[in-house]
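File shown: input.txt (compact mmCIF, C-alpha atoms and all ligand atoms).
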```txt
# COMPACT_ATOMS: atom_id res chain seq x y z
CA MET W 120 -22.37 -4.80 0.19
CA LYS W 121 -20.88 -8.16 -0.77
CA ASP W 122 -23.21 -8.28 -3.77
CA LEU W 123 -21.38 -5.32 -5.28
CA PHE W 124 -18.15 -7.32 -5.40
CA LEU W 125 -17.11 -10.35 -7.43
CA LEU W 126 -16.03 -12.23 -4.32
CA ASP W 127 -17.24 -15.79 -3.87
CA HIS W 128 -19.88 -15.55 -1.14
CA ASN W 129 -18.80 -18.90 0.31
CA ILE W 130 -15.47 -17.38 1.31
CA THR W 131 -15.07 -15.34 4.48
CA TYR W 132 -12.62 -12.88 2.98
CA LEU W 133 -10.53 -11.15 5.66
CA ASN W 134 -7.46 -10.40 3.60
CA HIS W 135 -8.20 -7.22 1.69
CA GLY W 136 -4.78 -6.01 2.86
CA SER W 137 -2.94 -8.46 0.59
CA TYR W 138 -5.19 -8.39 -2.47
CA GLY W 139 -8.11 -6.00 -2.46
CA ALA W 140 -11.38 -7.23 -3.91
CA CYS W 141 -12.61 -5.34 -6.99
CA PRO W 142 -16.29 -4.28 -7.27
CA SER W 143 -18.20 -5.62 -10.32
CA VAL W 144 -18.83 -2.13 -11.69
CA VAL W 145 -15.12 -1.26 -11.60
CA PHE W 146 -14.16 -4.60 -13.12
CA GLU W 147 -16.66 -4.01 -15.97
CA ASN W 148 -15.11 -0.62 -16.62
CA TYR W 149 -11.69 -2.33 -16.75
CA GLN W 150 -12.92 -4.91 -19.26
CA ASN W 151 -14.56 -2.20 -21.35
CA TRP W 152 -11.17 -0.53 -21.73
CA GLN W 153 -9.68 -3.84 -22.82
CA ARG W 154 -12.45 -4.30 -25.41
CA LYS W 155 -11.98 -0.77 -26.71
CA LEU W 156 -8.28 -1.47 -27.16
CA GLU W 157 -8.94 -4.66 -29.11
CA LYS W 158 -11.53 -2.98 -31.37
CA GLY W 159 -9.01 -0.48 -32.70
CA PRO W 160 -5.52 -1.02 -31.30
CA VAL W 161 -3.76 1.79 -33.18
CA GLN W 162 -6.30 4.53 -32.47
CA PHE W 163 -6.38 3.36 -28.88
CA MET W 164 -2.64 3.22 -28.27
CA THR W 165 -1.85 6.45 -30.07
CA LYS W 166 -4.72 8.71 -28.95
CA ILE W 167 -7.41 7.34 -26.64
CA LEU W 168 -4.86 5.95 -24.19
CA TRP W 169 -3.06 9.27 -23.67
CA GLU W 170 -6.21 11.33 -23.25
CA ASN W 171 -7.49 8.90 -20.68
CA LEU W 172 -4.22 8.40 -18.81
CA LYS W 173 -4.30 12.14 -18.24
CA ILE W 174 -7.85 11.86 -16.88
CA SER W 175 -6.76 9.03 -14.57
CA ARG W 176 -3.80 11.03 -13.25
CA ASP W 177 -5.92 14.15 -12.73
CA VAL W 178 -8.78 12.35 -10.99
CA LEU W 179 -6.32 10.42 -8.81
CA GLY W 180 -4.40 13.63 -8.06
CA GLU W 181 -7.58 15.24 -6.81
CA PHE W 182 -8.31 12.21 -4.63
CA ILE W 183 -4.88 12.18 -2.97
CA GLY W 184 -4.20 15.92 -2.89
CA CYS W 185 -1.61 16.59 -5.59
CA ASP W 186 -1.22 17.76 -9.16
CA GLY W 187 -1.98 14.94 -11.61
CA GLU W 188 1.17 15.90 -13.57
CA ASP W 189 3.29 14.85 -10.59
CA LEU W 190 1.98 11.29 -10.74
CA LEU W 191 3.35 8.31 -12.62
CA LEU W 192 1.12 5.29 -12.97
CA PHE W 193 2.86 2.01 -12.22
CA PRO W 194 1.50 -1.52 -11.91
CA ASN W 195 2.50 -1.73 -8.25
CA PRO W 196 4.50 -0.03 -5.47
CA THR W 197 7.32 -2.55 -5.89
CA THR W 198 8.00 -1.32 -9.43
CA ALA W 199 7.58 2.29 -8.35
CA VAL W 200 10.17 2.07 -5.55
CA ASN W 201 12.60 0.06 -7.68
CA ASN W 202 12.46 2.91 -10.20
CA ILE W 203 13.59 5.44 -7.61
CA ILE W 204 16.39 3.57 -5.84
CA GLU W 205 19.05 3.74 -8.56
CA ASN W 206 18.18 7.38 -9.29
CA LEU W 207 19.37 8.44 -5.86
CA ASN W 208 23.03 7.79 -6.75
CA LEU W 209 23.82 6.60 -3.24
CA CYS W 210 27.39 5.53 -2.64
CA GLU W 211 29.79 4.23 -0.01
CA GLY W 212 29.22 5.82 3.40
CA ASP W 213 25.62 6.90 2.68
CA GLU W 214 22.83 5.52 4.85
CA VAL W 215 19.18 4.78 4.16
CA LEU W 216 17.14 4.80 7.35
CA MET W 217 14.02 2.68 7.68
CA THR W 218 12.12 0.87 10.45
CA GLN W 219 12.13 -2.87 11.09
CA HIS W 220 8.48 -2.86 9.90
CA GLU W 221 9.15 -2.25 6.19
CA TYR W 222 7.77 -4.48 3.47
CA GLY W 223 10.14 -7.41 2.89
CA ALA W 224 10.31 -7.23 -0.91
CA LEU W 225 11.28 -3.56 -0.76
CA VAL W 226 13.87 -4.17 1.96
CA ARG W 227 15.35 -6.69 -0.48
CA ALA W 228 15.33 -4.09 -3.27
CA TRP W 229 17.21 -1.60 -1.06
CA SER W 230 19.63 -4.28 0.16
CA ARG W 231 20.40 -5.48 -3.37
CA SER W 232 21.22 -1.93 -4.46
CA SER W 233 23.21 -1.30 -1.28
CA MET W 234 25.43 -4.32 -2.02
CA LYS W 235 26.08 -3.05 -5.53
CA ASN W 236 26.57 0.61 -4.61
CA LYS W 237 28.08 0.05 -1.14
CA PHE W 238 25.71 2.27 0.85
CA SER W 239 24.16 1.03 4.12
CA VAL W 240 20.58 0.13 4.95
CA VAL W 241 19.81 0.88 8.60
CA GLN W 242 16.70 -0.78 9.97
CA GLN W 243 16.07 1.13 13.17
CA PHE W 244 14.59 -1.11 15.85
CA ILE W 245 11.67 0.56 17.54
CA ASP W 246 10.30 -1.02 20.66
CA PHE W 247 6.53 -1.45 20.48
CA PRO W 248 3.72 -0.99 21.41
CA PHE W 249 4.57 2.73 21.12
CA ASN W 250 3.52 4.80 24.09
CA SER W 251 2.85 7.88 22.02
CA LYS W 252 3.52 9.43 18.63
CA ASN W 253 6.54 11.20 20.13
CA ASP W 254 7.85 7.96 21.56
CA PHE W 255 7.80 6.44 18.06
CA ILE W 256 9.24 9.53 16.38
CA ASN W 257 12.08 9.85 18.90
CA GLN W 258 13.02 6.18 18.66
CA PHE W 259 13.02 6.36 14.86
CA LEU W 260 14.89 9.65 14.53
CA ALA W 261 17.57 8.36 16.91
CA GLY W 262 18.71 6.34 13.88
CA ILE W 263 19.72 9.46 11.95
CA THR W 264 23.44 10.07 11.60
CA LYS W 265 25.45 12.59 9.58
CA ASN W 266 25.48 9.98 6.79
CA THR W 267 21.70 9.56 6.52
CA LYS W 268 20.72 10.56 2.99
CA VAL W 269 17.31 8.91 2.67
CA ILE W 270 14.40 7.95 4.92
CA PHE W 271 12.20 5.16 3.60
CA ILE W 272 9.16 4.48 5.75
CA SER W 273 5.67 2.96 5.47
CA GLN W 274 2.68 5.07 6.34
CA ILE W 275 0.74 1.88 7.10
CA THR W 276 2.89 -1.16 7.71
CA SER W 277 2.28 -4.49 6.04
CA GLN W 278 3.05 -7.09 8.67
CA THR W 279 2.03 -5.06 11.72
CA GLY W 280 -0.82 -2.99 10.23
CA LEU W 281 0.21 0.14 12.13
CA ILE W 282 -0.20 3.76 11.00
CA PHE W 283 3.08 5.64 11.36
CA PRO W 284 3.27 9.43 11.89
CA VAL W 285 5.05 10.17 8.62
CA LYS W 286 4.13 13.87 8.46
CA GLU W 287 6.28 14.69 11.49
CA ILE W 288 9.11 12.57 10.10
CA CYS W 289 8.97 14.37 6.72
CA ASN W 290 9.08 17.76 8.48
CA TYR W 291 12.16 16.76 10.43
CA ALA W 292 13.87 15.22 7.40
CA HIS W 293 13.38 18.39 5.35
CA GLN W 294 15.11 20.48 8.01
CA LYS W 295 18.07 18.09 7.80
CA GLY W 296 18.12 17.87 3.99
CA ILE W 297 17.25 14.16 4.02
CA ILE W 298 15.21 12.72 1.10
CA THR W 299 11.88 11.17 2.13
CA ILE W 300 10.31 8.21 0.37
CA ILE W 301 6.99 7.10 1.80
CA ASP W 302 5.57 3.65 1.17
CA GLY W 303 1.83 4.25 1.21
CA ALA W 304 0.82 0.95 -0.40
CA HIS W 305 -2.04 0.59 2.11
CA VAL W 306 -3.03 4.23 2.37
CA PRO W 307 -5.24 5.52 -0.50
CA GLY W 308 -8.88 4.64 0.16
CA HIS W 309 -8.00 3.64 3.72
CA ILE W 310 -6.96 6.76 5.63
CA ASP W 311 -6.95 10.39 4.48
CA LEU W 312 -4.11 11.35 2.19
CA ASP W 313 -3.13 14.87 1.16
CA LEU W 314 0.22 14.79 -0.60
CA ILE W 315 0.69 18.55 -0.76
CA GLU W 316 0.21 18.79 2.97
CA LEU W 317 2.44 15.77 3.63
CA ASP W 318 5.24 17.37 1.59
CA CYS W 319 7.39 14.28 1.08
CA ASP W 320 9.78 13.86 -1.84
CA TYR W 321 8.45 10.58 -3.22
CA TYR W 322 5.28 8.67 -2.32
CA THR W 323 4.00 5.39 -3.68
CA GLY W 324 0.51 4.02 -3.14
CA ALA W 325 -1.50 1.09 -4.46
CA CYS W 326 -4.87 1.71 -6.08
CA HIS W 327 -5.50 -2.05 -6.22
CA LYS W 328 -5.66 -2.42 -2.43
CA TRP W 329 -8.04 -0.20 -0.42
CA MET W 330 -9.26 1.83 -3.40
CA CYS W 331 -10.57 -1.40 -4.97
CA ALA W 332 -9.17 -0.65 -8.44
CA PRO W 333 -8.17 -3.60 -10.67
CA LYS W 334 -4.88 -5.35 -9.91
CA GLY W 335 -1.92 -3.64 -11.52
CA SER W 336 -2.85 -0.03 -10.71
CA SER W 337 -0.59 2.06 -8.48
CA PHE W 338 1.19 5.38 -8.52
CA LEU W 339 4.40 7.17 -7.73
CA PHE W 340 4.26 10.82 -6.73
CA VAL W 341 7.47 12.77 -7.35
CA LYS W 342 7.93 16.32 -6.08
CA LYS W 343 8.23 18.72 -9.03
CA SER W 344 11.76 19.84 -8.15
CA LEU W 345 12.98 16.21 -8.37
CA GLN W 346 11.38 15.25 -11.66
CA ALA W 347 13.86 16.68 -14.17
CA HIS W 348 16.65 14.13 -13.91
CA LEU W 349 14.70 11.03 -12.95
CA GLN W 350 15.46 8.10 -15.26
CA PRO W 351 13.11 5.12 -15.69
CA GLN W 352 14.46 1.58 -15.25
CA ILE W 353 13.07 0.76 -18.69
CA ILE W 354 14.21 3.11 -21.42
CA SER W 355 11.69 3.40 -24.22
CA TRP W 356 10.55 6.08 -26.73
CA GLY W 357 10.36 9.02 -24.33
CA GLU W 358 9.96 12.30 -26.24
CA GLU W 359 10.25 10.41 -29.55
CA GLY W 360 7.05 8.46 -28.85
CA GLU W 361 3.30 9.15 -28.95
CA ASP W 362 3.02 10.60 -25.43
CA PRO W 363 1.93 14.24 -25.71
CA GLY W 364 3.69 15.07 -22.42
CA PRO W 365 3.47 17.70 -21.05
CA SER W 366 6.79 16.99 -19.29
CA GLN W 367 9.90 15.00 -20.06
CA PHE W 368 9.19 13.23 -16.75
CA LEU W 369 5.84 11.89 -18.02
CA MET W 370 7.18 11.14 -21.50
CA ASP W 371 10.11 9.17 -20.09
CA PHE W 372 8.03 7.04 -17.75
CA GLN W 373 4.52 6.45 -19.03
CA TRP W 374 5.44 4.40 -22.08
CA GLN W 375 7.60 1.43 -21.19
CA GLY W 376 6.82 -0.70 -24.23
CA THR W 377 3.49 -2.18 -25.31
CA LYS W 378 1.30 -3.28 -22.42
CA ASP W 379 -2.31 -3.28 -21.29
CA MET W 380 -2.88 -0.12 -19.24
CA SER W 381 -6.61 -0.76 -18.71
CA ALA W 382 -6.10 -1.05 -14.93
CA PHE W 383 -4.69 2.51 -14.92
CA LEU W 384 -7.65 3.74 -16.96
CA SER W 385 -10.12 2.23 -14.45
CA ILE W 386 -8.82 4.32 -11.54
CA PRO W 387 -11.53 7.02 -11.98
CA SER W 388 -14.19 4.29 -11.89
CA ALA W 389 -12.77 2.96 -8.59
CA ILE W 390 -12.77 6.47 -7.13
CA ASN W 391 -16.40 6.95 -8.24
CA PHE W 392 -17.28 3.69 -6.55
CA LEU W 393 -15.70 4.83 -3.28
CA GLU W 394 -17.39 8.23 -3.40
CA ASP W 395 -20.79 6.81 -4.43
CA ASN W 396 -20.63 4.50 -1.45
CA ASP W 397 -19.57 7.18 1.00
CA TRP W 398 -16.29 5.47 1.85
CA ARG W 399 -15.30 7.96 4.54
CA GLU W 400 -18.34 6.93 6.58
CA LYS W 401 -18.17 3.22 5.72
CA ARG W 402 -14.57 2.92 6.86
CA LYS W 403 -15.70 3.78 10.38
CA ILE W 404 -17.90 0.66 10.34
CA SER W 405 -14.94 -1.42 9.13
CA LYS W 406 -12.68 0.03 11.81
CA ASN W 407 -15.21 -0.85 14.51
CA LEU W 408 -15.26 -4.44 13.24
CA ILE W 409 -11.47 -4.46 13.48
CA LEU W 410 -11.43 -3.07 17.02
CA GLU W 411 -13.94 -5.70 18.11
CA VAL W 412 -12.09 -8.57 16.51
CA SER W 413 -8.88 -7.29 18.08
CA ASP W 414 -10.48 -7.59 21.54
CA ASN W 415 -11.66 -11.09 20.68
CA LEU W 416 -8.19 -12.14 19.55
CA THR W 417 -6.73 -10.78 22.79
CA ASP W 418 -9.18 -12.92 24.76
CA ILE W 419 -8.72 -16.09 22.75
CA PHE W 420 -4.92 -16.03 22.56
CA GLU W 421 -4.17 -14.10 25.76
CA THR W 422 -1.57 -12.03 23.95
CA ASP W 423 -1.28 -8.24 24.06
CA SER W 424 -2.35 -6.18 21.11
CA LEU W 425 0.33 -4.25 19.16
CA PHE W 426 -1.25 -0.84 19.76
CA LEU W 427 -2.16 1.10 22.86
CA HIS W 428 -4.57 3.50 21.20
CA GLU W 429 -6.92 3.05 18.25
CA ASP W 430 -5.27 5.94 16.34
CA TRP W 431 -2.50 3.52 15.40
CA ILE W 432 -4.75 1.33 13.25
CA GLY W 433 -7.30 1.60 10.46
CA GLN W 434 -9.18 -1.23 8.78
CA MET W 435 -6.49 -3.82 9.40
CA VAL W 436 -5.09 -5.32 12.58
CA SER W 437 -2.19 -7.67 13.21
CA HIS W 438 -2.40 -9.59 16.42
CA PRO W 439 0.47 -11.58 17.99
CA LEU W 440 -0.08 -15.32 18.39
CA PRO W 441 1.33 -17.46 21.19
CA SER W 442 4.52 -19.32 20.27
CA ASN W 443 2.81 -22.75 20.31
CA ILE W 444 0.54 -21.81 17.37
CA THR W 445 1.75 -23.25 14.10
CA ILE W 446 1.58 -21.54 10.73
CA ASP W 447 -0.60 -24.36 9.37
CA LEU W 448 -3.48 -22.64 11.19
CA LYS W 449 -3.88 -20.62 7.99
CA GLU W 450 -4.49 -23.78 5.94
CA ARG W 451 -6.79 -25.17 8.61
CA LEU W 452 -8.96 -22.04 8.60
CA TRP W 453 -9.12 -22.25 4.83
CA GLU W 454 -9.70 -26.00 4.48
CA ASP W 455 -12.19 -26.41 7.33
CA PHE W 456 -13.93 -23.00 7.40
CA MET W 457 -13.20 -21.27 4.06
CA ILE W 458 -11.75 -18.32 5.93
CA GLU W 459 -9.08 -16.38 4.07
CA VAL W 460 -6.83 -14.69 6.61
CA PRO W 461 -3.02 -14.36 6.69
CA ILE W 462 -1.06 -16.06 9.46
CA PHE W 463 2.68 -15.54 9.26
CA GLU W 464 5.93 -15.28 11.11
CA TRP W 465 7.62 -11.89 11.30
CA ASN W 466 10.73 -11.06 13.33
CA LYS W 467 10.55 -14.44 15.08
CA HIS W 468 6.94 -13.95 16.25
CA LYS W 469 3.72 -15.22 14.74
CA TYR W 470 0.77 -13.02 13.82
CA ILE W 471 -2.72 -13.15 12.42
CA ARG W 472 -3.74 -10.11 10.34
CA VAL W 473 -7.42 -9.30 9.84
CA SER W 474 -8.69 -6.77 7.28
CA ALA W 475 -12.18 -5.32 6.91
CA HIS W 476 -13.62 -3.51 3.90
CA PHE W 477 -17.12 -2.46 2.77
CA TYR W 478 -18.23 -6.01 2.11
CA ASN W 479 -17.29 -7.37 5.54
CA GLN W 480 -19.92 -7.62 8.25
CA ALA W 481 -20.01 -8.66 11.88
CA ASN W 482 -20.83 -12.24 10.83
CA ASP W 483 -17.48 -12.51 8.98
CA MET W 484 -15.63 -11.64 12.18
CA GLU W 485 -17.88 -14.01 14.14
CA SER W 486 -16.98 -16.83 11.72
CA LEU W 487 -13.30 -16.22 12.42
CA VAL W 488 -13.72 -15.94 16.18
CA ASN W 489 -15.92 -19.06 16.34
CA ALA W 490 -13.49 -21.03 14.20
CA LEU W 491 -10.55 -20.02 16.40
CA LYS W 492 -12.50 -20.83 19.55
CA SER W 493 -13.47 -24.23 18.20
CA ILE W 494 -9.79 -24.97 17.52
CA TYR W 495 -8.18 -23.45 20.63
CA LEU W 496 -10.75 -23.29 23.41
CA LYS W 497 -11.95 -26.87 23.41
C1 LIG P 1 3.63 -1.78 2.91
C2 LIG P 1 3.69 -2.40 1.55
N1 LIG P 1 4.51 -1.87 0.65
C3 LIG P 1 4.63 -2.37 -0.59
C4 LIG P 1 3.87 -3.45 -0.98
C5 LIG P 1 4.06 -3.99 -2.37
O1 LIG P 1 2.88 -3.99 -3.10
P1 LIG P 1 2.89 -4.65 -4.54
O2 LIG P 1 3.10 -6.11 -4.36
O3 LIG P 1 1.54 -4.33 -5.09
O4 LIG P 1 4.01 -4.02 -5.29
C6 LIG P 1 3.00 -4.04 -0.09
C7 LIG P 1 2.19 -5.20 -0.47
O5 LIG P 1 1.37 -5.71 0.23
C8 LIG P 1 2.91 -3.50 1.22
O6 LIG P 1 2.10 -4.04 2.14
```
Using structure tokens, write down the structure that the file contains.
Ligand SMILES: Cc1ncc(COP(=O)(O)O)c(C=O)c1O
Amino acid sequence: MKDLFLLDHNITYLNHGSYGACPSVVFENYQNWQRKLEKGPVQFMTKILWENLKISRDVLGEFIGCDGEDLLLFPNPTTAVNNIIENLNLCEGDEVLMTQHEYGALVRAWSRSSMKNKFSVVQQFIDFPFNSKNDFINQFLAGITKNTKVIFISQITSQTGLIFPVKEICNYAHQKGIITIIDGAHVPGHIDLDLIELDCDYYTGACHKWMCAPKGSSFLFVKKSLQAHLQPQIISWGEEGEDPGPSQFLMDFQWQGTKDMSAFLSIPSAINFLEDNDWREKRKISKNLILEVSDNLTDIFETDSLFLHEDWIGQMVSHPLPSNITIDLKERLWEDFMIEVPIFEWNKHKYIRVSAHFYNQANDMESLVNALKSIYLK
């Protein structure tokens, strides 16, 4: 399926997790929106845009199991989460509970606000590999105190590529009156997502990762009962602007000054691409590639995998590297083999993270394994 993407065929692309590749047909749709805008900017910005943003929200809502009116379109999860933090009015004594696996930029966002507003960020250390879902849940929930006001947790983690049981955590948090914010940057188009069933308070996901939409397309779901008083970071025209609503929530957020929203408008095209290509079946092929490469990495590096059962991972695996491996391995794989794969240090350990999407085949994984063997098993 590589021919359906714009990727350079000379590159062995194993990093969909950082920046998802966009299929040609979706990218064309994106550029068509940009052309339409330039042909008649006023008609576009005052009418066409709003009709089609609604379509994007509704189609996306159907894909992820929620009402389109509960979705805000944002360029990325970073912006989405930053827009929530200050709205929570956290103050001295309050605690935000998260795991040690959260995405670094968002930990920074929470920490920056905590310094200003004097609340605490608690990164609960959870020993892994986790023996069972309950083992994980119990270790995480042990971090709750009477001061815990918010739980912020990834459904699929960035550095460790693990799928966390967020449904159970949301259920527990609701009983305790704790707000739940789920970071699902890696989730839509990767594993099943049904937001009504999940029943969290806030959920952000990226469309530009596993859904293969153009870069700069993401969403924030906000439970209806929390929408009324939410304030955007950027104050613009709100109800005095062109946005026909229907809610103050949408009017306050969807216009944040003039910008190109073509990536948002291409979301239905990305969803069509996934459905036309039977993504639910294809992801099983990608997962098998990931399970195989995980075994190979275990053999080559003689390090234990991060998961004990395949339910913990999807189309992405992080594997621990021995301490003598240096980070310049990433450059070496790129310079000598044109393999794009992240190698990084996290919590004092080094990892390689391999992603597989539609366009990856067994020969991509073989290229990586052969390259690593040629470097390390001489
Ligand atoms: C778990 C997680 N959350 C949030 C983000 C932030 O995504 P973005 O840079 O698109 O805002 C990422 C990016 O990779 C991520 O992996």
With 8 Å added on each side, what axis-aligned box encloses every listed atom of ligand LIG 1 (chain P)? Give the centre and edge lengths in Å to one decimal, as JSON.
```
{"center_x": 3.0, "center_y": -3.9, "center_z": -1.2, "size_x": 19.3, "size_y": 20.3, "size_z": 24.2}
```
(Q) As a quick test: using only C-alpha atoms and all ligand atoms, which residues lie no more than 6 Å away from ligand LIG 1 (chain P)? Give them as a ChimeraX atom specification. (A) /W:137,195-197,222,273,276-277,302,304
For W:Gly335, find every residue with an atom within 10 Å (counting all atoms listed in the file), except residues of its own chain fewer than 6 positions away, and show them as a tab-separated table (two decimals) with C-alpha atoms, keeping the file's coordinate frame.
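The new file part_5.tsv reads:
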```
chain	number	residue	atom	x	y	z
W	192	LEU	CA	1.12	5.29	-12.97
W	193	PHE	CA	2.86	2.01	-12.22
W	194	PRO	CA	1.50	-1.52	-11.91
W	195	ASN	CA	2.50	-1.73	-8.25
W	196	PRO	CA	4.50	-0.03	-5.47
W	325	ALA	CA	-1.50	1.09	-4.46
W	326	CYS	CA	-4.87	1.71	-6.08
W	327	HIS	CA	-5.50	-2.05	-6.22
W	328	LYS	CA	-5.66	-2.42	-2.43
W	379	ASP	CA	-2.31	-3.28	-21.29
W	380	MET	CA	-2.88	-0.12	-19.24
W	381	SER	CA	-6.61	-0.76	-18.71
W	382	ALA	CA	-6.10	-1.05	-14.93
W	383	PHE	CA	-4.69	2.51	-14.92
```
Please report as a tab-separated table every residue of stretch 129-197 of chain W lying within 10 Å of stretch 346-363 of chain W, along with the nearest atom pair and their distance in Å (one decimal), using all atoms listed in the file.
```
residue	atom	partner	partner_atom	distance
W:Met164	CA	W:Glu361	CA	8.4
W:Thr165	CA	W:Glu361	CA	5.9
W:Lys166	CA	W:Glu361	CA	8.0
W:Leu168	CA	W:Asp362	CA	9.2
W:Trp169	CA	W:Asp362	CA	6.5
W:Glu170	CA	W:Pro363	CA	9.0
W:Lys173	CA	W:Pro363	CA	10.0
W:Asp189	CA	W:Gln346	CA	8.2
```
Q | Contacts of W:Glu211 at 7 Å (only C-alpha atoms; same-chain gap of 5+ positions) as an MDAnalysis selection string | A | chainID W and resid 236:238
Write the residues you've just listed into a file as a PDB file, keeping the file's coordinate frame, and include C-alpha atoms for each of them.
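selection.pdb written:
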```pdb
ATOM      1  CA  ASN W 236      26.570   0.610  -4.610  1.00  0.00           C
ATOM      2  CA  LYS W 237      28.080   0.050  -1.140  1.00  0.00           C
ATOM      3  CA  PHE W 238      25.710   2.270   0.850  1.00  0.00           C
TER       4      PHE W 238
END
```
Can you write out as CSV which residues of stretch 206-323 of chain W fall within 12 Å of stretch 403-423 of chain W, alongside each residue's closest atom pair and its distance in Å to one decimal, counting all atoms listed in the file and ordering rows by chain and ascending residue number?
```
residue,atom,partner,partner_atom,distance
W:Phe247,CA,W:Asp423,CA,11.0
W:Pro248,CA,W:Asp423,CA,9.2
W:Gly280,CA,W:Ile409,CA,11.2
W:His309,CA,W:Lys406,CA,10.0
W:Ile310,CA,W:Lys403,CA,10.4
```
(Q) Taking all atoms listed in the file into account, name the residue in W:Asp397, W:Glu214, W:Asp430, W:Glu188 that is nearest to W:Pro284. (A)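 Once distances to W:Pro284 are computed over all atoms listed in the file, the minimum belongs to W:Asp430.
Counting from atom CA of W:Asn266, the distance to atom CA of W:Val215 is 8.6 Å.
Among W:Ala199, W:Leu133, W:Ile270, W:Met484, the residue with the shortest atom-to-atom distance to W:Lys449, counting all atoms listed in the file, is W:Leu133.
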Q) Could you name the residues that touch W:Arg451 at 12 Å or less, counting all atoms listed in the file, but leaving out those on the same chain fewer than 3 positions away, as a list in words? A)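 Residues meeting the cut-off are Ile444, Thr445, Ile446, Asp447, Leu448, Glu454, Asp455, Phe456, Met457, Ile458, Glu459, Val460, Pro461, Ile462, Leu487, Ala490, Leu491, Ser493 and Ile494 of chain W.
Nearest to W:Val240 of all the residues W:Gln434, W:Thr218, W:Gln373, W:Asn257 is W:Thr218, counting all atoms listed in the file.
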Q. For W:Gln242, which residue among W:Leu179, W:Leu260, W:Ile300, W:Ile315 is the nearest when counting all atoms listed in the file?
A. W:Leu260
Q. What's the 12 Å shell around W:Ala140, counting all atoms listed in the file, without same-chain residues fewer than 3 positions away, as a ChimeraX atom specification?
A. /W:120-127,132-137,143-146,326-334,389,474-479
Q: Go ahead and compute the interatomic distance for atom CA of W:Asp318 and atom CA of W:Lys286, in Å to one decimal.
A: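 Computed distance, atom CA of W:Asp318 to atom CA of W:Lys286, equals 7.8 Å.
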(Q) As an exercise, work out the distance from atom CA of W:Cys185 to atom CA of W:Gly308 in Å and give it to one decimal place. (A)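 Between atom CA of W:Cys185 and atom CA of W:Gly308 the gap is 15.1 Å.
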**Q.** Distance criterion (all atoms listed in the file): nearest to W:Leu440 out of W:Trp465, W:Tyr470, W:Phe271, W:Tyr291
**A.**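 Smallest distance to W:Leu440 is found for W:Tyr470.
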Q: Pull the neighbourhood of (13.6, -5.1, 9.8) for me: all residues within 12 Å in file coordinates, counting all atoms listed in the file, as a ChimeraX atom specification.
A: /W:216-227,229-230,240-245,272,276-279,465-467
**Q.** Residues within 6 Å of (-0.9, 1.7, -0.2), file coords, all atoms listed in the file, listed as JSON, numbers by chain
**A.** {"W": [303, 304, 305, 306, 307, 324, 325]}
Q) Out of W:His428, W:Gln258, W:Phe283, W:Val269, which residue has the shortest atom-to-atom distance to W:Asn208 when counting only C-alpha atoms? A)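 Nearest to W:Asn208: W:Val269.
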Q.
Report as a VMD selection string all protein, DNA and RNA residues lying within 9 Å of W:Ile183, evaluated on all atoms listed in the file, omitting residues in the same chain fewer than 5 positions from it.
A. chain W and resid 178 307 311 to 315
Pull C-alpha atoms from the residues just selected and write them as a tab-separated table (two decimals), in the coordinates of the input.
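As a result, part.tsv now contains:
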```tsv
chain	number	residue	atom	x	y	z
W	178	VAL	CA	-8.78	12.35	-10.99
W	307	PRO	CA	-5.24	5.52	-0.50
W	311	ASP	CA	-6.95	10.39	4.48
W	312	LEU	CA	-4.11	11.35	2.19
W	313	ASP	CA	-3.13	14.87	1.16
W	314	LEU	CA	0.22	14.79	-0.60
W	315	ILE	CA	0.69	18.55	-0.76
```
